[in-house]
>>> print(open('my_file.csv').read())   # CSV, C-alpha atoms and all ligand atoms
chain,number,residue,atom,x,y,z
O,1314,MET,CA,0.0,0.0,0.0
O,1315,GLU,CA,2.8,2.4,0.9
O,1316,LYS,CA,4.4,2.0,-2.5
O,1317,ILE,CA,1.7,4.1,-4.2
O,1318,THR,CA,3.1,7.6,-4.8
O,1319,SER,CA,1.8,10.9,-5.8
O,1320,GLN,CA,2.9,10.4,-9.4
O,1321,ASN,CA,0.5,7.6,-10.1
O,1322,ILE,CA,-2.8,8.8,-8.7
O,1323,GLN,CA,-4.7,10.9,-11.2
O,1324,MET,CA,-8.3,12.1,-11.5
O,1325,VAL,CA,-8.3,10.3,-14.8
O,1326,ASP,CA,-5.6,8.1,-16.3
O,1327,LEU,CA,-5.8,8.7,-20.1
O,1328,ASN,CA,-2.4,7.3,-20.8
O,1329,GLY,CA,-3.1,4.0,-19.0
O,1330,GLN,CA,-6.3,3.7,-21.0
O,1331,TYR,CA,-4.5,4.5,-24.3
O,1332,LYS,CA,-1.8,1.9,-23.7
O,1333,LYS,CA,-4.4,-0.9,-23.7
O,1334,ILE,CA,-5.7,0.0,-27.2
O,1335,GLU,CA,-2.5,1.6,-28.6
O,1336,VAL,CA,-2.2,-0.5,-31.7
O,1337,GLU,CA,-5.8,-0.1,-32.8
O,1338,VAL,CA,-5.7,3.6,-32.1
O,1339,ASN,CA,-2.5,4.2,-33.9
O,1340,GLU,CA,-3.6,2.3,-36.9
O,1341,ALA,CA,-6.9,4.3,-37.1
O,1342,ILE,CA,-5.1,7.6,-36.8
O,1343,GLN,CA,-2.4,6.6,-39.3
O,1344,GLU,CA,-5.0,5.7,-41.8
O,1345,VAL,CA,-6.5,9.2,-41.7
O,1346,ILE,CA,-3.0,10.7,-42.0
O,1347,ASN,CA,-2.3,8.6,-45.1
O,1348,SER,CA,-5.5,9.6,-46.7
O,1349,SER,CA,-5.1,13.4,-45.9
O,1350,HIS,CA,-8.8,13.5,-45.6
O,1351,PHE,CA,-8.7,15.5,-42.4
O,1352,ILE,CA,-12.1,17.3,-42.7
O,1353,ASN,CA,-15.3,15.3,-43.2
O,1354,GLY,CA,-13.4,12.1,-44.0
O,1355,PRO,CA,-15.4,8.9,-44.2
O,1356,GLN,CA,-14.6,8.1,-40.5
O,1357,VAL,CA,-16.8,11.1,-39.4
O,1358,LYS,CA,-19.9,9.6,-40.9
O,1359,ALA,CA,-19.0,6.1,-39.9
O,1360,PHE,CA,-18.5,7.1,-36.3
O,1361,ALA,CA,-21.8,9.0,-36.3
O,1362,GLN,CA,-23.5,5.8,-37.5
O,1363,ASP,CA,-21.7,3.7,-34.9
O,1364,LEU,CA,-22.8,6.0,-32.2
O,1365,ALA,CA,-26.4,6.2,-33.4
O,1366,HIS,CA,-26.4,2.4,-33.4
O,1367,TYR,CA,-24.9,2.3,-29.9
O,1368,LEU,CA,-27.4,4.8,-28.5
O,1369,GLN,CA,-30.3,3.5,-30.5
O,1370,VAL,CA,-31.1,7.0,-31.9
O,1371,LYS,CA,-31.9,7.9,-35.5
O,1372,GLN,CA,-29.4,10.7,-36.0
O,1373,VAL,CA,-26.0,11.7,-34.6
O,1374,ILE,CA,-24.6,15.0,-35.8
O,1375,PRO,CA,-20.9,15.4,-34.9
O,1376,CYS,CA,-19.5,18.9,-34.1
O,1377,ALA,CA,-16.5,20.5,-32.6
O,1378,ASN,CA,-17.2,20.3,-28.9
O,1379,GLY,CA,-20.0,19.9,-26.3
O,1380,THR,CA,-20.5,23.6,-25.9
O,1381,ASP,CA,-21.0,24.1,-29.7
O,1382,ALA,CA,-23.4,21.1,-29.6
O,1383,LEU,CA,-25.6,23.0,-27.0
O,1384,GLN,CA,-25.4,26.2,-29.0
O,1385,ILE,CA,-26.2,24.6,-32.3
O,1386,ALA,CA,-29.1,22.6,-30.8
O,1387,LEU,CA,-30.6,25.8,-29.4
O,1388,MET,CA,-30.2,27.5,-32.8
O,1389,ALA,CA,-32.0,24.6,-34.5
O,1390,PHE,CA,-35.1,25.3,-32.4
O,1391,ASP,CA,-35.6,28.6,-34.1
O,1392,LEU,CA,-36.1,30.6,-30.9
O,1393,LYS,CA,-36.2,34.4,-30.6
O,1394,PRO,CA,-34.4,36.7,-28.2
O,1395,GLY,CA,-36.1,36.9,-24.8
O,1396,ASP,CA,-37.3,33.3,-25.0
O,1397,GLU,CA,-36.7,31.5,-21.7
O,1398,VAL,CA,-34.7,28.4,-21.2
O,1399,ILE,CA,-34.9,26.5,-17.8
O,1400,VAL,CA,-31.5,25.2,-16.7
O,1401,PRO,CA,-30.1,24.0,-13.4
O,1402,ALA,CA,-28.1,26.4,-11.2
O,1403,PHE,CA,-25.7,23.6,-10.3
O,1404,THR,CA,-23.9,22.7,-13.6
O,1405,TYR,CA,-20.9,23.4,-15.7
O,1406,ILE,CA,-21.1,26.9,-17.1
O,1407,ALA,CA,-21.4,25.7,-20.7
O,1408,SER,CA,-25.0,24.7,-20.2
O,1409,VAL,CA,-25.9,28.3,-19.3
O,1410,GLU,CA,-23.6,30.5,-21.3
O,1411,VAL,CA,-24.8,29.3,-24.7
O,1412,ILE,CA,-28.3,30.4,-23.7
O,1413,ALA,CA,-27.1,33.9,-22.9
O,1414,LEU,CA,-25.0,34.1,-26.0
O,1415,LEU,CA,-28.0,33.6,-28.2
O,1416,GLY,CA,-29.9,36.4,-26.5
O,1417,LEU,CA,-32.1,33.9,-24.7
O,1418,ILE,CA,-32.8,34.1,-21.0
O,1419,PRO,CA,-31.5,31.4,-18.8
O,1420,ILE,CA,-34.0,30.7,-16.0
O,1421,LEU,CA,-32.1,29.0,-13.2
O,1422,VAL,CA,-33.7,26.4,-11.0
O,1423,ASP,CA,-32.5,24.4,-8.0
O,1424,VAL,CA,-31.5,20.8,-8.0
O,1425,ASP,CA,-32.3,17.6,-6.0
O,1426,PRO,CA,-30.0,17.2,-3.0
O,1427,ASN,CA,-29.6,13.5,-3.6
O,1428,THR,CA,-29.1,13.0,-7.3
O,1429,PHE,CA,-27.7,16.5,-8.0
O,1430,ASN,CA,-30.0,16.7,-11.0
O,1431,VAL,CA,-32.5,19.3,-11.8
O,1432,SER,CA,-35.6,19.5,-9.5
O,1433,VAL,CA,-38.8,18.7,-11.3
O,1434,ASP,CA,-40.9,20.8,-8.9
O,1435,ALA,CA,-38.5,23.7,-9.5
O,1436,ILE,CA,-39.0,23.4,-13.2
O,1437,ARG,CA,-42.8,23.5,-12.8
O,1438,GLN,CA,-42.6,26.6,-10.8
O,1439,ALA,CA,-40.3,28.4,-13.3
O,1440,ILE,CA,-42.5,28.0,-16.3
O,1441,THR,CA,-43.9,31.3,-17.7
O,1442,PRO,CA,-45.6,32.1,-21.1
O,1443,ARG,CA,-42.1,32.9,-22.4
O,1444,THR,CA,-40.6,29.5,-21.6
O,1445,LYS,CA,-39.5,27.6,-24.7
O,1446,VAL,CA,-36.9,25.0,-23.6
O,1447,ILE,CA,-36.1,22.8,-20.7
O,1448,LEU,CA,-32.4,22.0,-20.5
O,1449,PRO,CA,-31.7,19.2,-18.0
O,1450,VAL,CA,-28.1,18.3,-17.4
O,1451,HIS,CA,-27.4,14.6,-16.7
O,1452,LEU,CA,-24.9,15.5,-14.0
O,1453,PHE,CA,-21.9,13.3,-13.0
O,1454,GLY,CA,-23.3,10.4,-15.0
O,1455,GLN,CA,-26.9,9.7,-14.3
O,1456,CYS,CA,-30.1,10.9,-16.0
O,1457,ALA,CA,-32.3,13.6,-14.7
O,1458,ASN,CA,-36.0,12.7,-14.1
O,1459,MET,CA,-36.7,12.5,-17.9
O,1460,GLU,CA,-40.2,11.0,-17.6
O,1461,ALA,CA,-41.5,13.9,-15.6
O,1462,ILE,CA,-39.6,16.5,-17.7
O,1463,MET,CA,-41.0,15.1,-20.9
O,1464,SER,CA,-44.5,15.2,-19.5
O,1465,ILE,CA,-44.1,18.9,-18.4
O,1466,ALA,CA,-42.7,19.7,-21.8
O,1467,LYS,CA,-45.6,18.0,-23.6
O,1468,GLU,CA,-48.1,19.8,-21.4
O,1469,HIS,CA,-46.6,23.3,-22.1
O,1470,LYS,CA,-45.3,22.6,-25.6
O,1471,LEU,CA,-41.7,23.1,-24.8
O,1472,TRP,CA,-38.5,21.7,-26.4
O,1473,VAL,CA,-36.3,19.5,-24.3
O,1474,LEU,CA,-32.5,19.7,-24.8
O,1475,GLU,CA,-30.5,17.1,-22.8
O,1476,ASP,CA,-27.0,18.1,-21.9
O,1477,ASN,CA,-25.5,14.6,-22.0
O,1478,ALA,CA,-21.8,15.6,-21.8
O,1479,GLN,CA,-21.4,13.6,-18.6
O,1480,ALA,CA,-23.7,10.6,-19.0
O,1481,ILE,CA,-23.1,9.0,-22.4
O,1482,GLY,CA,-24.2,5.4,-22.2
O,1483,ALA,CA,-26.5,5.8,-19.1
O,1484,GLN,CA,-29.8,4.1,-19.4
O,1485,TYR,CA,-33.1,5.7,-18.3
O,1486,THR,CA,-36.0,3.5,-17.3
O,1487,PHE,CA,-39.6,4.7,-17.7
O,1488,SER,CA,-42.4,3.7,-15.5
O,1489,ASP,CA,-43.6,1.2,-18.1
O,1490,GLY,CA,-40.3,-0.6,-17.9
O,1491,SER,CA,-39.0,0.6,-21.2
O,1492,THR,CA,-35.4,2.0,-21.3
O,1493,GLN,CA,-33.7,4.6,-23.5
O,1494,SER,CA,-30.2,6.0,-23.6
O,1495,ALA,CA,-29.4,9.3,-22.1
O,1496,GLY,CA,-29.5,12.0,-24.8
O,1497,THR,CA,-32.1,10.2,-26.9
O,1498,ILE,CA,-35.2,11.1,-24.9
O,1499,GLY,CA,-35.6,14.8,-25.4
O,1500,ASP,CA,-35.8,16.6,-28.7
O,1501,ILE,CA,-32.0,16.9,-29.0
O,1502,GLY,CA,-29.3,15.5,-26.8
O,1503,THR,CA,-25.7,16.9,-26.8
O,1504,THR,CA,-22.5,15.4,-25.7
O,1505,SER,CA,-18.8,16.2,-25.4
O,1506,PHE,CA,-15.8,14.1,-26.4
O,1507,PHE,CA,-13.4,16.3,-24.3
O,1508,PRO,CA,-10.5,13.9,-23.3
O,1509,SER,CA,-11.6,13.3,-19.7
O,1510,LYS,CA,-15.3,12.6,-20.6
O,1511,ASN,CA,-16.4,9.0,-20.5
O,1512,LEU,CA,-16.0,8.8,-24.3
O,1513,GLY,CA,-13.1,11.2,-24.8
O,1514,CYS,CA,-11.0,11.9,-27.8
O,1515,PHE,CA,-7.5,13.4,-28.2
O,1516,GLY,CA,-8.6,17.0,-28.3
O,1517,ASP,CA,-12.0,18.6,-28.7
O,1518,GLY,CA,-15.1,16.9,-30.1
O,1519,GLY,CA,-18.9,16.8,-29.6
O,1520,ALA,CA,-22.1,15.6,-31.1
O,1521,MET,CA,-25.9,16.1,-31.1
O,1522,THR,CA,-28.3,13.2,-31.0
O,1523,THR,CA,-31.9,13.3,-32.1
O,1524,ASN,CA,-34.8,11.1,-33.4
O,1525,ASN,CA,-36.4,14.1,-35.1
O,1526,GLU,CA,-35.3,14.3,-38.8
O,1527,GLU,CA,-36.2,17.9,-39.2
O,1528,LEU,CA,-34.1,18.9,-36.2
O,1529,ALA,CA,-31.3,16.8,-37.4
O,1530,GLN,CA,-31.4,18.6,-40.7
O,1531,ASN,CA,-31.5,22.0,-39.0
O,1532,THR,CA,-28.5,21.2,-36.8
O,1533,ARG,CA,-26.5,20.0,-39.8
O,1534,ILE,CA,-27.3,23.3,-41.6
O,1535,VAL,CA,-26.4,25.4,-38.6
O,1536,ALA,CA,-23.2,23.6,-37.9
O,1537,SER,CA,-22.1,24.1,-41.5
O,1538,HIS,CA,-22.4,27.9,-41.9
O,1539,GLY,CA,-26.1,27.8,-42.4
O,1540,GLN,CA,-25.5,26.2,-45.7
O,1541,THR,CA,-28.2,24.3,-47.5
O,1542,LYS,CA,-26.3,23.7,-50.8
O,1543,LYS,CA,-22.7,24.5,-51.5
O,1544,TYR,CA,-22.3,28.3,-51.1
O,1545,ILE,CA,-26.0,28.8,-50.5
O,1546,HIS,CA,-26.7,30.0,-47.0
O,1547,ASP,CA,-30.3,30.1,-45.7
O,1548,VAL,CA,-29.7,30.9,-42.0
O,1549,ILE,CA,-26.8,32.3,-40.0
O,1550,GLY,CA,-24.8,29.3,-38.8
O,1551,VAL,CA,-21.4,28.5,-37.3
O,1552,ASN,CA,-18.5,26.4,-38.3
O,1553,SER,CA,-18.3,23.3,-36.1
O,1554,ARG,CA,-16.9,20.0,-37.2
O,1555,LEU,CA,-15.5,16.9,-35.6
O,1556,ASP,CA,-12.0,16.3,-37.1
O,1557,THR,CA,-11.6,13.0,-39.0
O,1558,ILE,CA,-8.7,12.0,-36.8
O,1559,GLN,CA,-10.9,12.4,-33.7
O,1560,ALA,CA,-13.7,10.4,-35.4
O,1561,ALA,CA,-11.3,7.6,-36.3
O,1562,LEU,CA,-10.1,7.4,-32.7
O,1563,LEU,CA,-13.7,7.6,-31.3
O,1564,GLN,CA,-14.7,4.7,-33.5
O,1565,VAL,CA,-12.1,2.6,-31.8
O,1566,LYS,CA,-13.0,3.9,-28.3
O,1567,LEU,CA,-16.7,3.4,-28.7
O,1568,GLN,CA,-16.1,-0.3,-28.9
O,1569,HIS,CA,-14.8,-0.1,-25.4
O,1570,LEU,CA,-17.3,2.2,-23.9
O,1571,ASP,CA,-19.3,-0.5,-22.2
O,1572,SER,CA,-16.2,-1.9,-20.5
O,1573,TYR,CA,-15.2,1.7,-19.5
O,1574,ILE,CA,-18.6,2.2,-17.9
O,1575,GLU,CA,-18.3,-1.1,-16.1
O,1576,ALA,CA,-14.9,-0.2,-14.8
O,1577,ARG,CA,-16.2,3.1,-13.5
O,1578,GLN,CA,-19.2,1.5,-11.9
O,1579,LYS,CA,-17.0,-1.1,-10.2
O,1580,ALA,CA,-14.7,1.6,-8.8
O,1581,ALA,CA,-17.8,3.5,-7.6
O,1582,THR,CA,-19.2,0.5,-5.8
O,1583,TYR,CA,-15.9,-0.1,-4.1
O,1584,TYR,CA,-15.9,3.5,-2.8
O,1585,ASP,CA,-19.6,3.2,-1.8
O,1586,GLN,CA,-18.9,0.1,0.3
O,1587,ALA,CA,-15.8,1.7,2.0
O,1588,PHE,CA,-17.7,4.9,2.9
O,1589,ALA,CA,-21.1,3.2,3.6
O,1590,GLU,CA,-20.8,3.4,7.4
O,1591,PHE,CA,-18.7,6.5,7.5
O,1592,GLU,CA,-20.7,9.2,9.2
O,1593,HIS,CA,-18.7,12.2,7.8
O,1594,LEU,CA,-19.4,11.5,4.2
O,1595,LYS,CA,-22.5,10.9,2.1
O,1596,THR,CA,-21.9,8.6,-0.9
O,1597,PRO,CA,-23.5,9.4,-4.3
O,1598,VAL,CA,-27.2,8.5,-4.3
O,1599,ARG,CA,-28.2,6.4,-7.3
O,1600,SER,CA,-31.4,7.3,-9.0
O,1601,ASN,CA,-33.9,4.4,-9.2
O,1602,THR,CA,-34.7,5.4,-12.8
O,1603,SER,CA,-31.3,5.6,-14.3
O,1604,THR,CA,-28.0,3.7,-14.4
O,1605,HIS,CA,-25.0,5.7,-13.3
O,1606,VAL,CA,-21.9,5.8,-15.5
O,1607,PHE,CA,-19.9,7.7,-12.9
O,1608,HIS,CA,-18.3,10.5,-14.9
O,1609,GLN,CA,-17.6,11.7,-11.4
O,1610,TYR,CA,-17.6,10.1,-8.0
O,1611,THR,CA,-18.9,12.9,-5.8
O,1612,LEU,CA,-19.2,12.8,-2.0
O,1613,GLN,CA,-21.0,15.3,0.3
O,1614,MET,CA,-19.3,16.3,3.5
O,1615,ASP,CA,-21.5,16.4,6.6
O,1616,ASP,CA,-19.3,19.4,7.8
O,1617,PRO,CA,-18.7,21.6,4.8
O,1618,SER,CA,-16.3,23.8,6.8
O,1619,LYS,CA,-13.8,21.0,6.5
O,1620,ARG,CA,-14.2,20.4,2.8
O,1621,ASP,CA,-11.3,22.6,1.6
O,1622,GLN,CA,-9.0,21.2,4.4
O,1623,LEU,CA,-9.7,17.7,3.2
O,1624,LYS,CA,-8.8,18.6,-0.3
O,1625,GLU,CA,-5.6,20.2,0.8
O,1626,TYR,CA,-4.8,17.3,3.1
O,1627,LEU,CA,-5.2,14.8,0.2
O,1628,GLN,CA,-3.2,17.0,-2.1
O,1629,LYS,CA,-0.2,17.1,0.3
O,1630,ILE,CA,0.0,13.3,0.1
O,1631,GLY,CA,-0.4,13.2,-3.6
O,1632,ILE,CA,-4.1,12.3,-3.9
O,1633,PRO,CA,-5.9,14.6,-6.3
O,1634,SER,CA,-9.5,15.6,-5.7
O,1635,MET,CA,-11.8,18.1,-7.4
O,1636,ILE,CA,-14.6,20.4,-6.5
O,1637,TYR,CA,-17.3,20.1,-9.1
O,1638,TYR,CA,-18.5,22.9,-8.8
O,1639,PRO,CA,-17.2,25.5,-6.4
O,1640,LEU,CA,-19.8,28.2,-7.3
O,1641,PRO,CA,-23.4,27.9,-8.4
O,1642,ILE,CA,-24.3,29.7,-11.6
O,1643,HIS,CA,-26.1,32.5,-9.9
O,1644,PHE,CA,-22.9,33.4,-7.9
O,1645,GLN,CA,-20.9,33.7,-11.0
O,1646,LYS,CA,-20.1,37.3,-11.9
O,1647,ALA,CA,-21.4,36.8,-15.4
O,1648,PHE,CA,-24.8,35.7,-14.3
O,1649,LYS,CA,-25.3,37.5,-10.9
O,1650,HIS,CA,-27.2,40.3,-12.7
O,1651,PHE,CA,-28.4,38.9,-15.9
O,1652,GLU,CA,-30.8,41.0,-18.0
O,1653,ASN,CA,-33.4,42.2,-15.4
O,1654,ILE,CA,-32.8,39.2,-13.1
O,1655,GLU,CA,-30.9,39.9,-9.9
O,1656,TYR,CA,-30.0,36.7,-8.0
O,1657,LYS,CA,-29.1,36.6,-4.4
O,1658,LYS,CA,-27.9,34.2,-1.8
O,1659,GLY,CA,-30.6,31.7,-0.8
O,1660,ASP,CA,-32.3,31.7,-4.2
O,1661,PHE,CA,-31.2,28.1,-4.9
O,1662,PRO,CA,-30.3,26.7,-1.4
O,1663,VAL,CA,-29.5,23.2,-2.6
O,1664,ALA,CA,-27.1,24.3,-5.3
O,1665,GLU,CA,-25.5,26.7,-2.9
O,1666,LYS,CA,-25.1,24.0,-0.2
O,1667,LEU,CA,-23.7,21.4,-2.7
O,1668,CYS,CA,-21.1,23.9,-3.9
O,1669,GLU,CA,-19.8,24.1,-0.3
O,1670,SER,CA,-20.0,20.4,0.6
O,1671,VAL,CA,-19.1,18.3,-2.5
O,1672,ILE,CA,-15.8,16.7,-3.2
O,1673,SER,CA,-15.0,14.4,-6.1
O,1674,LEU,CA,-12.5,11.6,-5.8
O,1675,PRO,CA,-10.4,10.1,-8.6
O,1676,ILE,CA,-12.5,7.8,-10.8
O,1677,HIS,CA,-11.5,6.4,-14.1
O,1678,THR,CA,-11.2,3.2,-16.2
O,1679,GLU,CA,-7.7,2.2,-14.9
O,1680,LEU,CA,-8.3,2.7,-11.1
O,1681,ASN,CA,-7.5,-0.5,-9.1
O,1682,GLU,CA,-8.5,-1.5,-5.7
O,1683,SER,CA,-5.1,-1.0,-4.1
O,1684,THR,CA,-5.0,2.6,-5.2
O,1685,GLN,CA,-8.6,3.0,-4.0
O,1686,ASP,CA,-7.6,1.5,-0.6
O,1687,TYR,CA,-4.9,4.1,-0.4
O,1688,ILE,CA,-7.3,6.9,-1.2
O,1689,ILE,CA,-10.0,5.6,1.2
O,1690,GLU,CA,-7.5,5.1,4.0
O,1691,HIS,CA,-6.2,8.6,3.8
O,1692,VAL,CA,-9.7,10.2,3.4
O,1693,LYS,CA,-10.7,8.4,6.6
O,1694,ARG,CA,-7.5,9.3,8.4
O,1695,PHE,CA,-8.3,13.0,7.8
O,1696,PHE,CA,-11.4,12.7,10.0
O,1697,ASN,CA,-9.7,10.8,12.8
O,1701,LIG,C1,-17.9,19.1,-20.6
O,1701,LIG,C2,-19.2,19.7,-20.5
O,1701,LIG,C3,-19.7,20.5,-21.5
O,1701,LIG,C4,-18.9,21.1,-22.6
O,1701,LIG,O1,-18.2,20.3,-23.4
O,1701,LIG,P1,-16.9,20.9,-24.2
O,1701,LIG,O2,-16.7,19.7,-25.1
O,1701,LIG,O3,-15.8,21.0,-23.2
O,1701,LIG,O4,-17.3,22.1,-24.9
O,1701,LIG,C5,-21.1,20.9,-21.4
O,1701,LIG,N1,-21.8,20.6,-20.4
O,1701,LIG,C6,-21.4,19.8,-19.4
O,1701,LIG,C7,-22.3,19.4,-18.3
O,1701,LIG,C8,-20.1,19.3,-19.4
O,1701,LIG,O5,-19.6,18.5,-18.4
>>> encode(input="my_file.csv", output="structure tokens")
Amino acid sequence: MEKITSQNIQMVDLNGQYKKIEVEVNEAIQEVINSSHFINGPQVKAFAQDLAHYLQVKQVIPCANGTDALQIALMAFDLKPGDEVIVPAFTYIASVEVIALLGLIPILVDVDPNTFNVSVDAIRQAITPRTKVILPVHLFGQCANMEAIMSIAKEHKLWVLEDNAQAIGAQYTFSDGSTQSAGTIGDIGTTSFFPSKNLGCFGDGGAMTTNNEELAQNTRIVASHGQTKKYIHDVIGVNSRLDTIQAALLQVKLQHLDSYIEARQKAATYYDQAFAEFEHLKTPVRSNTSTHVFHQYTLQMDDPSKRDQLKEYLQKIGIPSMIYYPLPIHFQKAFKHFENIEYKKGDFPVAEKLCESVISLPIHTELNESTQDYIIEHVKRFFN
């Protein structure tokens, strides 16, 4: 146990993961280099088809990153400035900033203290005649309450945009027992292939997923300069593409995604057991309607005043940890006074409390039990 040193504990071990598929990956990338087909090469379409098959969704539209995917999806809905988009106050900033960039109004709502996902009651209360979109984020690897969200959306005729950057491969179960993949339930789902995401590439990448052919067409047009035919531009678009090299790599990695998910789940269960009877920490609560793909393993401290000390203590002995996220969206300078909305402390008490009390431990596909034992041992030692 004592042999483990600071150099070999990481939040994610991308190199260790690469080493196991090095030959396949190198061949796939070499093939793209040999072809010089760096933009829109055949691997881009092939990967989109593979991913569509994996997720059981009709259309996958690749793009340059997960933030672009969110922006393009919103542009595909044909909204107008001032339209409101309901989005959780506890999320990564990308989910919110794209709303603001398009002149839309992000309407922040609180989250559930157990699953960290958007509160359905809060969504209901936030609906106004200007609401056009609900944007749930499948935070840390498990789905938001999609059945309820879809029913609210249907009732109020709203779009649903799933930010699926953290939960690719998670399965949602409806009350009739049927299941669907995260990102394929709403009108459009978006994901990110940022290197540390569960399906990560060697740079930036992203995609949109949809069962709606018209929306698929709209997103393709927007992602390609609003172009409907070569040099014919019907709407204002953006330039957002997945590189062929990244697509070729992702084709290889997608074949391993199920085993990657299993490895993360196994590591999470191991932590769960170790901290089950440990009064100072609350282990992640698993939703009973979604599998959890553990993009993050996030604990809640019973005493938030010690959280930063724990992080520092771990850091000193070479154990990395992260705070996802240290500030709720409404405490960010960019959104504190947004349009005519003035947020204050106490507006989203759950999000605020989580930002003070959460801490995420290393979790990745290469984590082994002896490293976890070392991490667990030192986390517990901090409290004794
Ligand atoms: C990573 C992430 C994004 C953005 O993805 P990029 O590819 O980095 O642009 C968006 N939303 C959430 C919840 C994320 O975790």
>>> closest_residue(input="my_file.csv", among="O:Val1409, O:Ala1480, O:Ile1418, O:Ile1498", to="Pro1394 in chain O", atoms="all atoms listed in the file")
O:Ile1418
>>> closest_residue(input="my_file.csv", among="O:Lys1543, O:Ile1462, O:Glu1682, O:Pro1442", to="Phe1487 in chain O", atoms="all atoms listed in the file")
O:Ile1462
>>> residues_around(input="my_file.csv", residues="Ala1457 in chain O", least_positions_apart="5", cutoff="7 Å", atoms="all atoms listed in the file", output="PDB file with C-alpha atoms, keeping the file's coordinate frame")
ATOM      1  CA  ASN O1430     -30.000  16.700 -11.000  1.00  0.00           C
ATOM      2  CA  VAL O1431     -32.500  19.300 -11.800  1.00  0.00           C
ATOM      3  CA  PRO O1449     -31.700  19.200 -18.000  1.00  0.00           C
ATOM      4  CA  VAL O1450     -28.100  18.300 -17.400  1.00  0.00           C
ATOM      5  CA  HIS O1451     -27.400  14.600 -16.700  1.00  0.00           C
TER       6      HIS O1451
END
>>> atom_distance(input="my_file.csv", atom1="CA of Ser1505 in chain O", atom2="CA of Cys1668 in chain O")
23.0 Å
>>> closest_atom_pairs(input="my_file.csv", of="chain O", to="ligand LIG 1701 (chain O)", cutoff="8 Å", atoms="all atoms listed in the file", output="Markdown table")
| residue | atom | partner | partner_atom | distance |
| --- | --- | --- | --- | --- |
| O:Ala1377 | CA | O:LIG1701 | O2 | 7.5 |
| O:Asn1378 | CA | O:LIG1701 | O2 | 3.9 |
| O:Gly1379 | CA | O:LIG1701 | O1 | 3.4 |
| O:Thr1380 | CA | O:LIG1701 | O4 | 3.7 |
| O:Asp1381 | CA | O:LIG1701 | O4 | 6.4 |
| O:Ala1382 | CA | O:LIG1701 | O4 | 7.8 |
| O:Leu1383 | CA | O:LIG1701 | C5 | 7.5 |
| O:Thr1404 | CA | O:LIG1701 | C7 | 6.0 |
| O:Tyr1405 | CA | O:LIG1701 | C7 | 5.0 |
| O:Ile1406 | CA | O:LIG1701 | N1 | 7.1 |
| O:Ala1407 | CA | O:LIG1701 | C5 | 4.9 |
| O:Ser1408 | CA | O:LIG1701 | N1 | 5.2 |
| O:Val1450 | CA | O:LIG1701 | C7 | 6.0 |
| O:His1451 | CA | O:LIG1701 | C7 | 7.2 |
| O:Leu1452 | CA | O:LIG1701 | C7 | 6.4 |
| O:Phe1453 | CA | O:LIG1701 | O5 | 7.8 |
| O:Asp1476 | CA | O:LIG1701 | N1 | 6.0 |
| O:Asn1477 | CA | O:LIG1701 | C7 | 6.9 |
| O:Ala1478 | CA | O:LIG1701 | C8 | 4.7 |
| O:Gln1479 | CA | O:LIG1701 | O5 | 5.2 |
| O:Thr1504 | CA | O:LIG1701 | O1 | 6.9 |
| O:Ser1505 | CA | O:LIG1701 | O2 | 4.1 |
| O:Phe1506 | CA | O:LIG1701 | O2 | 5.8 |
| O:Phe1507 | CA | O:LIG1701 | O2 | 4.8 |
| O:Lys1510 | CA | O:LIG1701 | C1 | 7.0 |
| O:Asp1517 | CA | O:LIG1701 | O2 | 6.0 |
| O:Gly1518 | CA | O:LIG1701 | O2 | 5.9 |
| O:Gly1519 | CA | O:LIG1701 | O2 | 5.8 |
>>> write_last_selection(input="my_file.csv", atoms="C-alpha atoms", output="mmCIF file, in the frame of the given file")
data_model
loop_
_atom_site.group_PDB
_atom_site.id
_atom_site.type_symbol
_atom_site.label_atom_id
_atom_site.label_comp_id
_atom_site.auth_asym_id
_atom_site.auth_seq_id
_atom_site.Cartn_x
_atom_site.Cartn_y
_atom_site.Cartn_z
ATOM 1 C CA ALA O 1377 -16.500 20.500 -32.600
ATOM 2 C CA ASN O 1378 -17.200 20.300 -28.900
ATOM 3 C CA GLY O 1379 -20.000 19.900 -26.300
ATOM 4 C CA THR O 1380 -20.500 23.600 -25.900
ATOM 5 C CA ASP O 1381 -21.000 24.100 -29.700
ATOM 6 C CA ALA O 1382 -23.400 21.100 -29.600
ATOM 7 C CA LEU O 1383 -25.600 23.000 -27.000
ATOM 8 C CA THR O 1404 -23.900 22.700 -13.600
ATOM 9 C CA TYR O 1405 -20.900 23.400 -15.700
ATOM 10 C CA ILE O 1406 -21.100 26.900 -17.100
ATOM 11 C CA ALA O 1407 -21.400 25.700 -20.700
ATOM 12 C CA SER O 1408 -25.000 24.700 -20.200
ATOM 13 C CA VAL O 1450 -28.100 18.300 -17.400
ATOM 14 C CA HIS O 1451 -27.400 14.600 -16.700
ATOM 15 C CA LEU O 1452 -24.900 15.500 -14.000
ATOM 16 C CA PHE O 1453 -21.900 13.300 -13.000
ATOM 17 C CA ASP O 1476 -27.000 18.100 -21.900
ATOM 18 C CA ASN O 1477 -25.500 14.600 -22.000
ATOM 19 C CA ALA O 1478 -21.800 15.600 -21.800
ATOM 20 C CA GLN O 1479 -21.400 13.600 -18.600
ATOM 21 C CA THR O 1504 -22.500 15.400 -25.700
ATOM 22 C CA SER O 1505 -18.800 16.200 -25.400
ATOM 23 C CA PHE O 1506 -15.800 14.100 -26.400
ATOM 24 C CA PHE O 1507 -13.400 16.300 -24.300
ATOM 25 C CA LYS O 1510 -15.300 12.600 -20.600
ATOM 26 C CA ASP O 1517 -12.000 18.600 -28.700
ATOM 27 C CA GLY O 1518 -15.100 16.900 -30.100
ATOM 28 C CA GLY O 1519 -18.900 16.800 -29.600
#
>>> atom_distance(input="my_file.csv", atom1="CA of Thr1602 in chain O", atom2="CA of Val1671 in chain O")
22.7 Å
